[in-house]
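This is input-v1.cif. It holds mmCIF, C-alpha atoms.
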data_my_file
#
loop_
_atom_site.group_PDB
_atom_site.id
_atom_site.type_symbol
_atom_site.label_atom_id
_atom_site.label_comp_id
_atom_site.auth_asym_id
_atom_site.auth_seq_id
_atom_site.Cartn_x
_atom_site.Cartn_y
_atom_site.Cartn_z
ATOM 1 C CA MET A 1 165.194 132.564 61.276
ATOM 2 C CA SER A 2 168.187 131.580 63.442
ATOM 3 C CA THR A 3 171.238 132.671 61.533
ATOM 4 C CA GLU A 4 173.646 130.522 63.580
ATOM 5 C CA THR A 5 172.528 127.385 61.784
ATOM 6 C CA GLY A 6 172.248 129.190 58.460
ATOM 7 C CA TYR A 7 168.709 127.896 58.110
ATOM 8 C CA ILE A 8 166.135 130.239 56.659
ATOM 9 C CA ASP A 9 162.494 129.204 56.873
ATOM 10 C CA HIS A 10 161.348 130.306 53.423
ATOM 11 C CA LYS A 11 158.283 128.133 53.538
ATOM 12 C CA GLY A 12 157.061 129.635 56.781
ATOM 13 C CA LYS A 13 157.665 133.178 55.599
ATOM 14 C CA LYS A 14 155.820 132.555 52.366
ATOM 15 C CA MET A 15 152.902 130.956 54.179
ATOM 16 C CA ALA A 16 152.606 133.979 56.479
ATOM 17 C CA MET A 17 152.388 136.213 53.417
ATOM 18 C CA TRP A 18 149.679 134.027 51.904
ATOM 19 C CA PHE A 19 147.673 134.176 55.133
ATOM 20 C CA PHE A 20 147.837 137.952 54.968
ATOM 21 C CA LEU A 21 146.668 137.800 51.347
ATOM 22 C CA PHE A 22 143.664 135.677 52.392
ATOM 23 C CA THR A 23 142.555 138.525 54.662
ATOM 24 C CA GLU A 24 143.048 140.889 51.725
ATOM 25 C CA ILE A 25 140.869 138.675 49.512
ATOM 26 C CA LEU A 26 138.024 139.029 51.995
ATOM 27 C CA PHE A 27 138.718 142.746 52.461
ATOM 28 C CA PHE A 28 138.302 143.466 48.748
ATOM 29 C CA GLY A 29 135.699 140.692 48.551
ATOM 30 C CA GLY A 30 133.336 142.713 50.753
ATOM 31 C CA MET A 31 133.465 145.563 48.252
ATOM 32 C CA PHE A 32 132.957 143.219 45.298
ATOM 33 C CA LEU A 33 129.907 141.879 47.143
ATOM 34 C CA LEU A 34 128.493 145.413 47.498
ATOM 35 C CA TYR A 35 129.217 146.072 43.835
ATOM 36 C CA SER A 36 127.471 142.921 42.616
ATOM 37 C CA ILE A 37 124.340 143.446 44.726
ATOM 38 C CA TYR A 38 123.928 147.094 43.699
ATOM 39 C CA ARG A 39 124.681 146.262 40.115
ATOM 40 C CA TYR A 40 121.996 143.597 40.217
ATOM 41 C CA LYS A 41 119.517 146.113 41.660
ATOM 42 C CA TYR A 42 120.465 149.078 39.430
ATOM 43 C CA THR A 43 121.694 147.392 36.234
ATOM 44 C CA VAL A 44 120.627 150.200 33.877
ATOM 45 C CA ASP A 45 122.098 152.970 36.048
ATOM 46 C CA PHE A 46 125.387 151.083 36.330
ATOM 47 C CA HIS A 47 125.597 150.746 32.572
ATOM 48 C CA SER A 48 124.899 154.421 31.869
ATOM 49 C CA ALA A 49 127.309 155.560 34.591
ATOM 50 C CA ALA A 50 130.078 153.321 33.241
ATOM 51 C CA ALA A 51 129.863 155.202 29.924
ATOM 52 C CA GLU A 52 131.619 158.008 31.803
ATOM 53 C CA GLU A 53 134.712 155.828 32.309
ATOM 54 C CA ASN A 54 137.734 156.312 30.085
ATOM 55 C CA ILE A 55 138.285 152.884 28.529
ATOM 56 C CA ILE A 56 141.570 153.870 26.887
ATOM 57 C CA LEU A 57 143.175 154.991 30.151
ATOM 58 C CA GLY A 58 141.739 151.963 31.932
ATOM 59 C CA THR A 59 143.175 149.631 29.283
ATOM 60 C CA ILE A 60 146.600 151.316 29.353
ATOM 61 C CA ASN A 61 146.641 150.929 33.120
ATOM 62 C CA THR A 62 145.761 147.245 32.796
ATOM 63 C CA CYS A 63 148.697 146.735 30.405
ATOM 64 C CA VAL A 64 150.989 148.635 32.768
ATOM 65 C CA LEU A 65 149.997 146.550 35.772
ATOM 66 C CA LEU A 66 150.144 143.194 33.943
ATOM 67 C CA THR A 67 153.606 144.070 32.651
ATOM 68 C CA SER A 68 154.780 145.175 36.094
ATOM 69 C CA SER A 69 153.711 141.777 37.461
ATOM 70 C CA PHE A 70 155.864 140.181 34.767
ATOM 71 C CA THR A 71 158.928 142.272 35.692
ATOM 72 C CA ILE A 72 158.690 141.640 39.447
ATOM 73 C CA ALA A 73 158.275 137.896 38.814
ATOM 74 C CA LEU A 74 161.400 137.963 36.625
ATOM 75 C CA SER A 75 163.352 139.961 39.225
ATOM 76 C CA ILE A 76 162.785 137.111 41.708
ATOM 77 C CA SER A 77 163.933 134.511 39.165
ATOM 78 C CA PHE A 78 167.131 136.472 38.609
ATOM 79 C CA ILE A 79 167.915 137.049 42.287
ATOM 80 C CA LYS A 80 167.585 133.278 42.815
ATOM 81 C CA GLN A 81 170.329 132.903 40.208
ATOM 82 C CA GLY A 82 172.438 135.546 41.946
ATOM 83 C CA LYS A 83 172.014 138.072 39.138
ATOM 84 C CA LYS A 84 171.721 141.130 41.325
ATOM 85 C CA ASP A 85 172.006 143.849 38.686
ATOM 86 C CA ILE A 86 169.351 142.643 36.283
ATOM 87 C CA SER A 87 167.081 141.895 39.238
ATOM 88 C CA SER A 88 167.536 145.509 40.407
ATOM 89 C CA VAL A 89 166.722 146.886 36.971
ATOM 90 C CA LEU A 90 163.530 144.801 36.872
ATOM 91 C CA GLN A 91 162.530 145.985 40.346
ATOM 92 C CA LEU A 92 163.123 149.577 39.278
ATOM 93 C CA ALA A 93 160.987 148.978 36.171
ATOM 94 C CA THR A 94 158.214 147.639 38.409
ATOM 95 C CA ILE A 95 158.409 150.713 40.647
ATOM 96 C CA LEU A 96 158.231 153.046 37.630
ATOM 97 C CA MET A 97 155.226 151.189 36.237
ATOM 98 C CA GLY A 98 153.507 151.413 39.624
ATOM 99 C CA ILE A 99 154.091 155.173 39.599
ATOM 100 C CA ALA A 100 152.870 155.395 35.979
ATOM 101 C CA PHE A 101 149.683 153.578 37.023
ATOM 102 C CA LEU A 102 149.077 156.125 39.780
ATOM 103 C CA ILE A 103 149.749 159.096 37.490
ATOM 104 C CA ILE A 104 147.230 157.777 34.943
ATOM 105 C CA LYS A 105 144.774 157.191 37.779
ATOM 106 C CA TYR A 106 145.318 160.802 38.869
ATOM 107 C CA PHE A 107 144.342 162.075 35.402
ATOM 108 C CA GLU A 108 141.288 159.818 35.388
ATOM 109 C CA TRP A 109 140.117 161.047 38.761
ATOM 110 C CA THR A 110 140.755 164.727 38.050
ATOM 111 C CA ALA A 111 138.893 164.480 34.721
ATOM 112 C CA LYS A 112 135.875 163.224 36.685
ATOM 113 C CA ILE A 113 136.244 165.775 39.436
ATOM 114 C CA ASP A 114 136.428 168.554 36.814
ATOM 115 C CA ILE A 115 132.987 167.663 35.488
ATOM 116 C CA GLY A 116 131.686 167.626 39.042
ATOM 117 C CA ILE A 117 131.608 163.894 39.695
ATOM 118 C CA TYR A 118 133.028 163.299 43.140
ATOM 119 C CA PRO A 119 131.494 162.071 46.404
ATOM 120 C CA ASN A 120 128.687 164.341 47.657
ATOM 121 C CA SER A 121 129.063 166.889 44.829
ATOM 122 C CA THR A 122 125.951 168.778 43.708
ATOM 123 C CA VAL A 123 126.263 167.334 40.189
ATOM 124 C CA LEU A 124 126.570 163.789 41.478
ATOM 125 C CA LEU A 125 123.532 164.107 43.729
ATOM 126 C CA THR A 126 121.310 165.041 40.754
ATOM 127 C CA LEU A 127 122.094 161.689 39.081
ATOM 128 C CA ALA A 128 120.042 158.522 39.400
ATOM 129 C CA LYS A 129 120.473 156.530 42.598
ATOM 130 C CA GLY A 130 122.295 153.661 40.895
ATOM 131 C CA GLU A 131 124.709 156.077 39.211
ATOM 132 C CA ILE A 132 125.549 157.684 42.555
ATOM 133 C CA LEU A 133 126.247 154.198 43.927
ATOM 134 C CA PHE A 134 128.370 153.324 40.893
ATOM 135 C CA PHE A 135 130.616 156.358 41.312
ATOM 136 C CA GLY A 136 130.769 155.845 45.078
ATOM 137 C CA LEU A 137 131.981 152.284 44.533
ATOM 138 C CA TYR A 138 134.313 153.482 41.788
ATOM 139 C CA TYR A 139 136.047 155.962 44.083
ATOM 140 C CA VAL A 140 136.209 153.598 47.069
ATOM 141 C CA MET A 141 137.388 150.531 45.144
ATOM 142 C CA THR A 142 139.882 152.174 42.779
ATOM 143 C CA GLY A 143 140.969 154.423 45.668
ATOM 144 C CA LEU A 144 141.735 151.532 48.008
ATOM 145 C CA HIS A 145 143.331 149.666 45.128
ATOM 146 C CA GLY A 146 145.453 152.734 44.328
ATOM 147 C CA LEU A 147 146.492 152.898 47.967
ATOM 148 C CA HIS A 148 147.670 149.284 47.665
ATOM 149 C CA VAL A 149 149.659 150.208 44.549
ATOM 150 C CA LEU A 150 151.252 153.089 46.458
ATOM 151 C CA VAL A 151 152.170 150.786 49.352
ATOM 152 C CA GLY A 152 153.569 148.302 46.827
ATOM 153 C CA VAL A 153 155.741 150.993 45.215
ATOM 154 C CA VAL A 154 157.151 152.002 48.622
ATOM 155 C CA VAL A 155 157.809 148.383 49.652
ATOM 156 C CA ILE A 156 159.473 147.483 46.332
ATOM 157 C CA SER A 157 161.672 150.583 46.728
ATOM 158 C CA PHE A 158 162.896 149.151 50.037
ATOM 159 C CA MET A 159 163.471 145.772 48.356
ATOM 160 C CA LEU A 160 165.521 147.498 45.668
ATOM 161 C CA HIS A 161 167.620 149.103 48.395
ATOM 162 C CA PHE A 162 168.089 145.725 50.130
ATOM 163 C CA THR A 163 169.059 144.145 46.807
ATOM 164 C CA ARG A 164 171.667 146.847 46.189
ATOM 165 C CA THR A 165 173.093 146.423 49.716
ATOM 166 C CA GLU A 166 172.925 142.636 49.252
ATOM 167 C CA THR A 167 170.861 141.862 52.344
ATOM 168 C CA ILE A 168 168.577 140.369 49.721
ATOM 169 C CA ASN A 169 170.667 137.850 47.783
ATOM 170 C CA ARG A 170 170.464 134.434 46.171
ATOM 171 C CA GLU A 171 170.265 132.741 49.569
ATOM 172 C CA ASN A 172 167.941 135.159 51.300
ATOM 173 C CA TYR A 173 165.203 136.481 49.073
ATOM 174 C CA ALA A 174 162.007 135.751 51.014
ATOM 175 C CA ARG A 175 161.233 139.444 51.461
ATOM 176 C CA LEU A 176 161.418 140.078 47.727
ATOM 177 C CA GLU A 177 159.356 136.981 47.018
ATOM 178 C CA ASN A 178 156.656 138.073 49.482
ATOM 179 C CA THR A 179 156.658 141.559 48.005
ATOM 180 C CA GLY A 180 156.108 139.930 44.622
ATOM 181 C CA LEU A 181 153.137 137.963 46.000
ATOM 182 C CA TYR A 182 151.623 141.204 47.291
ATOM 183 C CA TRP A 183 152.166 142.952 43.971
ATOM 184 C CA HIS A 184 150.567 140.101 42.015
ATOM 185 C CA PHE A 185 147.599 140.161 44.379
ATOM 186 C CA VAL A 186 147.121 143.880 43.706
ATOM 187 C CA ASP A 187 147.310 143.045 39.989
ATOM 188 C CA ILE A 188 144.583 140.407 40.357
ATOM 189 C CA VAL A 189 142.284 142.880 42.108
ATOM 190 C CA TRP A 190 142.725 145.227 39.149
ATOM 191 C CA ILE A 191 142.074 142.358 36.703
ATOM 192 C CA TYR A 192 138.559 142.192 38.187
ATOM 193 C CA LEU A 193 138.051 145.937 38.675
ATOM 194 C CA TYR A 194 138.830 146.634 35.024
ATOM 195 C CA PRO A 195 135.891 144.792 33.375
ATOM 196 C CA LEU A 196 133.505 145.718 36.192
ATOM 197 C CA PHE A 197 134.054 149.460 35.883
ATOM 198 C CA TYR A 198 135.232 150.032 32.322
ATOM 199 C CA LEU A 199 133.642 147.382 30.140
ATOM 200 C CA ILE A 200 130.022 147.170 31.234
ATOM 201 C CA THR A 201 128.454 149.887 29.085
ATOM 202 C CA MET B 1 171.511 123.342 56.392
ATOM 203 C CA LYS B 2 170.120 124.881 53.294
ATOM 204 C CA GLU B 3 166.986 122.832 52.804
ATOM 205 C CA GLY B 4 164.897 125.978 53.250
ATOM 206 C CA TYR B 5 165.581 127.108 49.737
ATOM 207 C CA ALA B 6 167.207 124.097 48.149
ATOM 208 C CA GLU B 7 163.789 122.915 47.057
ATOM 209 C CA ASP B 8 162.798 126.263 45.620
ATOM 210 C CA HIS B 9 163.171 126.273 41.881
ATOM 211 C CA VAL B 10 163.520 128.973 39.296
ATOM 212 C CA VAL B 11 160.756 129.422 36.749
ATOM 213 C CA ALA B 12 162.243 129.819 33.266
ATOM 214 C CA THR B 13 162.129 133.312 31.753
ATOM 215 C CA GLY B 14 160.404 131.909 28.679
ATOM 216 C CA ILE B 15 157.482 130.639 30.761
ATOM 217 C CA TYR B 16 157.014 134.060 32.364
ATOM 218 C CA ALA B 17 157.174 135.731 28.960
ATOM 219 C CA ALA B 18 154.567 133.300 27.587
ATOM 220 C CA VAL B 19 152.285 134.004 30.566
ATOM 221 C CA TRP B 20 152.701 137.749 30.066
ATOM 222 C CA LEU B 21 151.772 137.464 26.365
ATOM 223 C CA ALA B 22 148.798 135.270 27.252
ATOM 224 C CA LEU B 23 147.630 137.927 29.734
ATOM 225 C CA LEU B 24 147.809 140.637 27.069
ATOM 226 C CA ALA B 25 145.956 138.377 24.611
ATOM 227 C CA LEU B 26 143.209 137.824 27.189
ATOM 228 C CA LEU B 27 143.034 141.582 27.734
ATOM 229 C CA ALA B 28 142.451 142.028 24.001
ATOM 230 C CA ALA B 29 139.852 139.262 24.109
ATOM 231 C CA THR B 30 137.939 140.876 26.958
ATOM 232 C CA ILE B 31 137.799 144.208 25.092
ATOM 233 C CA ALA B 32 136.599 142.421 21.945
ATOM 234 C CA VAL B 33 133.885 140.588 23.872
ATOM 235 C CA ALA B 34 132.666 143.800 25.506
ATOM 236 C CA LYS B 35 132.890 146.171 22.534
ATOM 237 C CA LEU B 36 131.713 143.888 19.759
ATOM 238 C CA ARG B 37 128.992 142.432 21.982
ATOM 239 C CA LEU B 38 130.119 138.977 20.934
ATOM 240 C CA LEU B 39 128.273 137.240 23.735
ATOM 241 C CA ALA B 40 125.170 139.463 23.835
ATOM 242 C CA GLN B 41 123.458 139.063 27.182
ATOM 243 C CA TYR B 42 126.208 136.787 28.488
ATOM 244 C CA SER B 43 128.890 139.479 28.141
ATOM 245 C CA VAL B 44 129.171 139.982 31.910
ATOM 246 C CA LEU B 45 129.742 136.277 32.457
ATOM 247 C CA GLY B 46 132.216 136.321 29.564
ATOM 248 C CA SER B 47 134.167 139.252 31.053
ATOM 249 C CA LEU B 48 134.288 137.604 34.461
ATOM 250 C CA ALA B 49 135.365 134.273 32.946
ATOM 251 C CA ILE B 50 138.212 136.000 31.089
ATOM 252 C CA ALA B 51 139.181 137.934 34.231
ATOM 253 C CA SER B 52 139.267 134.635 36.143
ATOM 254 C CA ALA B 53 141.446 133.057 33.470
ATOM 255 C CA LYS B 54 143.862 135.984 33.817
ATOM 256 C CA ALA B 55 143.800 135.686 37.622
ATOM 257 C CA ALA B 56 144.442 131.940 37.355
ATOM 258 C CA LEU B 57 147.499 132.547 35.154
ATOM 259 C CA VAL B 58 148.897 135.112 37.597
ATOM 260 C CA LEU B 59 148.247 132.781 40.543
ATOM 261 C CA ALA B 60 149.667 129.660 38.915
ATOM 262 C CA PHE B 61 152.845 131.108 37.423
ATOM 263 C CA PHE B 62 153.684 134.570 38.729
ATOM 264 C CA MET B 63 152.595 133.648 42.256
ATOM 265 C CA HIS B 64 154.232 130.255 41.872
ATOM 266 C CA LEU B 65 151.160 128.372 43.068
ATOM 267 C CA LYS B 66 151.543 125.657 40.436
ATOM 268 C CA TYR B 67 154.767 124.626 42.150
ATOM 269 C CA GLU B 68 153.533 124.836 45.749
ATOM 270 C CA GLY B 69 152.359 122.023 47.982
ATOM 271 C CA ARG B 70 148.837 120.853 48.559
ATOM 272 C CA PHE B 71 148.461 122.710 51.867
ATOM 273 C CA LEU B 72 148.809 126.180 50.393
ATOM 274 C CA LYS B 73 146.522 125.337 47.484
ATOM 275 C CA SER B 74 143.799 124.058 49.833
ATOM 276 C CA MET B 75 144.105 127.146 52.024
ATOM 277 C CA LEU B 76 143.610 129.390 49.014
ATOM 278 C CA SER B 77 140.664 127.291 47.841
ATOM 279 C CA LEU B 78 139.163 127.727 51.306
ATOM 280 C CA ALA B 79 139.513 131.526 51.125
ATOM 281 C CA ILE B 80 137.974 131.641 47.643
ATOM 282 C CA ALA B 81 135.191 129.265 48.721
ATOM 283 C CA ALA B 82 134.443 131.516 51.722
ATOM 284 C CA LEU B 83 134.124 134.539 49.446
ATOM 285 C CA THR B 84 131.976 132.631 46.932
ATOM 286 C CA LEU B 85 129.712 131.446 49.734
ATOM 287 C CA LEU B 86 129.442 134.979 51.129
ATOM 288 C CA ILE B 87 128.452 136.441 47.762
ATOM 289 C CA GLY B 88 126.247 133.466 46.847
ATOM 290 C CA LEU B 89 124.283 133.460 50.098
ATOM 291 C CA THR B 90 123.800 137.226 49.970
ATOM 292 C CA PHE B 91 122.376 136.874 46.461
ATOM 293 C CA VAL B 92 120.004 134.168 47.649
ATOM 294 C CA ASP B 93 118.789 136.640 50.269
ATOM 295 C CA VAL B 94 118.346 139.403 47.658
ATOM 296 C CA TRP B 95 116.486 137.133 45.245
ATOM 297 C CA LEU B 96 114.093 135.651 47.796
ATOM 298 C CA ARG B 97 113.296 138.857 49.621
#

Structure encoded using structure tokens:
Amino acid sequence: MSTETGYIDHKGKKMAMWFFLFTEILFFGGMFLLYSIYRYKYTVDFHSAAAEENIILGTINTCVLLTSSFTIALSISFIKQGKKDISSVLQLATILMGIAFLIIKYFEWTAKIDIGIYPNSTVLLTLAKGEILFFGLYYVMTGLHGLHVLVGVVVISFMLHFTRTETINRENYARLENTGLYWHFVDIVWIYLYPLFYLIT
Amino acid sequence: MKEGYAEDHVVATGIYAAVWLALLALLAATIAVAKLRLLAQYSVLGSLAIASAKAALVLAFFMHLKYEGRFLKSMLSLAIAALTLLIGLTFVDVWLR
């Protein structure tokens, strides 16, 4: 940290980020635990409820998020080589893909809400118990995941600003690297959410 | 005094591109497995195996884990083991109840 010696503890900063991600693994892990137990108990209900999911939108969103992970990873490679402009473009692309993900998610959620499927709605409460649980988990898990995407978009926007003002540069890029780690983690959570909610019919 | 980042290396663009293409291929594979019922009753296991392969690719390359030291890798293994144990033990409870 001390700038007088010019030494930047990249290793320490990265490790701190990983420790935070470990807590995130267990945070989402608790919800995956709930999902797997209820799915085990209400297998048939889970399968019929999942038929309601829009596979096409879910698949597009998976492509978007996988590609955004690719662009943020590349942006870090380029900043390490001092290529500020291309790194900025890639960060901007990542931000736009994050926003695209959220917009698609918005259409998915509103389509469900329009047919009366939302927490505690009269339509939802007439469904089978396992289906109610499925949609409850769907809203909680994709909702919290979406919140992480939103946070990621905001943080990457700051990183883009720091890259433009050159406080992030080829010597000092730990913040961008840690942001990348966070973004990839959010991607991994979606990699598991996708088959569990969209592909189990 | 630049040892902090001197050791950090740049992953080639081609490797990232290959990983990205592999991820999209696995996405196609997981849809095929689910829609064409290729694995019949094992389709859930198949989907989770493919998801784990995708996660492993992201971890190893995008998250740079392949190039990190043993300490970080063991810490991550510990976190994953804790989660596996948590889910595993809960299932034992559900099965034996």

* Nearest to chain A, chosen from B:Leu89, B:Ala29, B:Leu57, B:Val10, with all atoms listed in the file counted in the distances ->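 Checking each candidate against chain A, we get B:Val10 as the closest.
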
* Test item: the PyMOL selection byres ((chain B and resi 72) around 12) resolved as number ranges by chain -> A: 11-12, 14-19, 21-22; B: 59, 63-71, 73-79

* To do: Considering all atoms listed in the file, extract the chain A residues located within 8 Å of chain B and return them as a PyMOL selection string.
  => chain A and resi 5-11+15+22+25-26+29+33+37+63+66-67+69-70+73-74+77+80-81+171+180-181+184+188+191-192+195+199-200

Output file for the selection above: C-alpha atoms, as a PDB file, keeping the file's coordinate frame:
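Okay, again_2.pdb is ready:
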ATOM      1  CA  THR A   5     172.528 127.385  61.784  1.00  0.00           C
ATOM      2  CA  GLY A   6     172.248 129.190  58.460  1.00  0.00           C
ATOM      3  CA  TYR A   7     168.709 127.896  58.110  1.00  0.00           C
ATOM      4  CA  ILE A   8     166.135 130.239  56.659  1.00  0.00           C
ATOM      5  CA  ASP A   9     162.494 129.204  56.873  1.00  0.00           C
ATOM      6  CA  HIS A  10     161.348 130.306  53.423  1.00  0.00           C
ATOM      7  CA  LYS A  11     158.283 128.133  53.538  1.00  0.00           C
ATOM      8  CA  MET A  15     152.902 130.956  54.179  1.00  0.00           C
ATOM      9  CA  PHE A  22     143.664 135.677  52.392  1.00  0.00           C
ATOM     10  CA  ILE A  25     140.869 138.675  49.512  1.00  0.00           C
ATOM     11  CA  LEU A  26     138.024 139.029  51.995  1.00  0.00           C
ATOM     12  CA  GLY A  29     135.699 140.692  48.551  1.00  0.00           C
ATOM     13  CA  LEU A  33     129.907 141.879  47.143  1.00  0.00           C
ATOM     14  CA  ILE A  37     124.340 143.446  44.726  1.00  0.00           C
ATOM     15  CA  CYS A  63     148.697 146.735  30.405  1.00  0.00           C
ATOM     16  CA  LEU A  66     150.144 143.194  33.943  1.00  0.00           C
ATOM     17  CA  THR A  67     153.606 144.070  32.651  1.00  0.00           C
ATOM     18  CA  SER A  69     153.711 141.777  37.461  1.00  0.00           C
ATOM     19  CA  PHE A  70     155.864 140.181  34.767  1.00  0.00           C
ATOM     20  CA  ALA A  73     158.275 137.896  38.814  1.00  0.00           C
ATOM     21  CA  LEU A  74     161.400 137.963  36.625  1.00  0.00           C
ATOM     22  CA  SER A  77     163.933 134.511  39.165  1.00  0.00           C
ATOM     23  CA  LYS A  80     167.585 133.278  42.815  1.00  0.00           C
ATOM     24  CA  GLN A  81     170.329 132.903  40.208  1.00  0.00           C
ATOM     25  CA  GLU A 171     170.265 132.741  49.569  1.00  0.00           C
ATOM     26  CA  GLY A 180     156.108 139.930  44.622  1.00  0.00           C
ATOM     27  CA  LEU A 181     153.137 137.963  46.000  1.00  0.00           C
ATOM     28  CA  HIS A 184     150.567 140.101  42.015  1.00  0.00           C
ATOM     29  CA  ILE A 188     144.583 140.407  40.357  1.00  0.00           C
ATOM     30  CA  ILE A 191     142.074 142.358  36.703  1.00  0.00           C
ATOM     31  CA  TYR A 192     138.559 142.192  38.187  1.00  0.00           C
ATOM     32  CA  PRO A 195     135.891 144.792  33.375  1.00  0.00           C
ATOM     33  CA  LEU A 199     133.642 147.382  30.140  1.00  0.00           C
ATOM     34  CA  ILE A 200     130.022 147.170  31.234  1.00  0.00           C
TER      35      ILE A 200
END

* Asked: Quick one: residues within 8 Å of Phe135 in chain A, all atoms listed in the file counted, chain neighbours fewer than 5 positions away excluded, as number ranges by chain?
  -> A: 49, 117-119

* Using only C-alpha atoms, pick whichever of A:Trp190, A:Tyr198, A:Trp183, A:Tyr42 has the shortest atom-to-atom distance to Thr62 in chain A. =>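 For Thr62 in chain A, the nearest of the given residues is A:Trp190.
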
* Asked: What does the distance from CA of Thr165 in chain A to CA of Glu177 in chain A come to in Å, to one decimal?
  ->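 According to the coordinates, CA of Thr165 in chain A and CA of Glu177 in chain A are separated by 16.9 Å.
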
* To one decimal in Å, tell me the separation between CA of Gly30 in chain A and CA of Val151 in chain A. => 20.5 Å

* **Two-atom distance - CA of Ile95 in chain A, CA of Val153 in chain A (Å)** => 5.3 Å

* To do: Might you pull out every residue within 12 Å of Val149 in chain A, with all atoms listed in the file counted and same-chain residues fewer than 4 positions away left off, and present them as a PyMOL selection string?
  => chain A and resi 61+64-65+68-69+94-103+105+142-145+153-156+179+182-190

* Structure fact -> The residue from A:Ser88, A:Gly136, A:Tyr106, A:Thr43 with the smallest atom-to-atom distance to Asn120 in chain A, counting all atoms listed in the file, is A:Gly136

Reconstruct N, CA and C atoms of range 60-71 of chain A from the incomplete input and present them as a short mmCIF file (atom, residue, chain, number, x, y, z; two decimals), in the coordinates of the input.
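Just written: part_20.cif:
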data_model
loop_
_atom_site.label_atom_id
_atom_site.label_comp_id
_atom_site.auth_asym_id
_atom_site.auth_seq_id
_atom_site.Cartn_x
_atom_site.Cartn_y
_atom_site.Cartn_z
N ILE A 60 145.15 151.06 29.21
CA ILE A 60 146.60 151.32 29.35
C ILE A 60 147.05 150.90 30.75
N ASN A 61 146.27 151.29 31.75
CA ASN A 61 146.64 150.93 33.12
C ASN A 61 146.67 149.43 33.34
N THR A 62 145.76 148.71 32.67
CA THR A 62 145.76 147.24 32.80
C THR A 62 147.05 146.68 32.20
N CYS A 63 147.43 147.17 31.03
CA CYS A 63 148.70 146.74 30.40
C CYS A 63 149.88 147.02 31.33
N VAL A 64 149.89 148.23 31.89
CA VAL A 64 150.99 148.64 32.77
C VAL A 64 151.10 147.68 33.95
N LEU A 65 149.96 147.38 34.56
CA LEU A 65 150.00 146.55 35.77
C LEU A 65 150.35 145.10 35.45
N LEU A 66 149.82 144.57 34.34
CA LEU A 66 150.14 143.19 33.94
C LEU A 66 151.65 143.08 33.66
N THR A 67 152.18 144.09 32.98
CA THR A 67 153.61 144.07 32.65
C THR A 67 154.47 144.20 33.91
N SER A 68 154.01 145.01 34.86
CA SER A 68 154.78 145.18 36.09
C SER A 68 154.81 143.87 36.90
N SER A 69 153.72 143.09 36.80
CA SER A 69 153.71 141.78 37.46
C SER A 69 154.77 140.86 36.83
N PHE A 70 154.87 140.96 35.51
CA PHE A 70 155.86 140.18 34.77
C PHE A 70 157.28 140.55 35.22
N THR A 71 157.56 141.86 35.34
CA THR A 71 158.93 142.27 35.69
C THR A 71 159.29 141.89 37.13
#
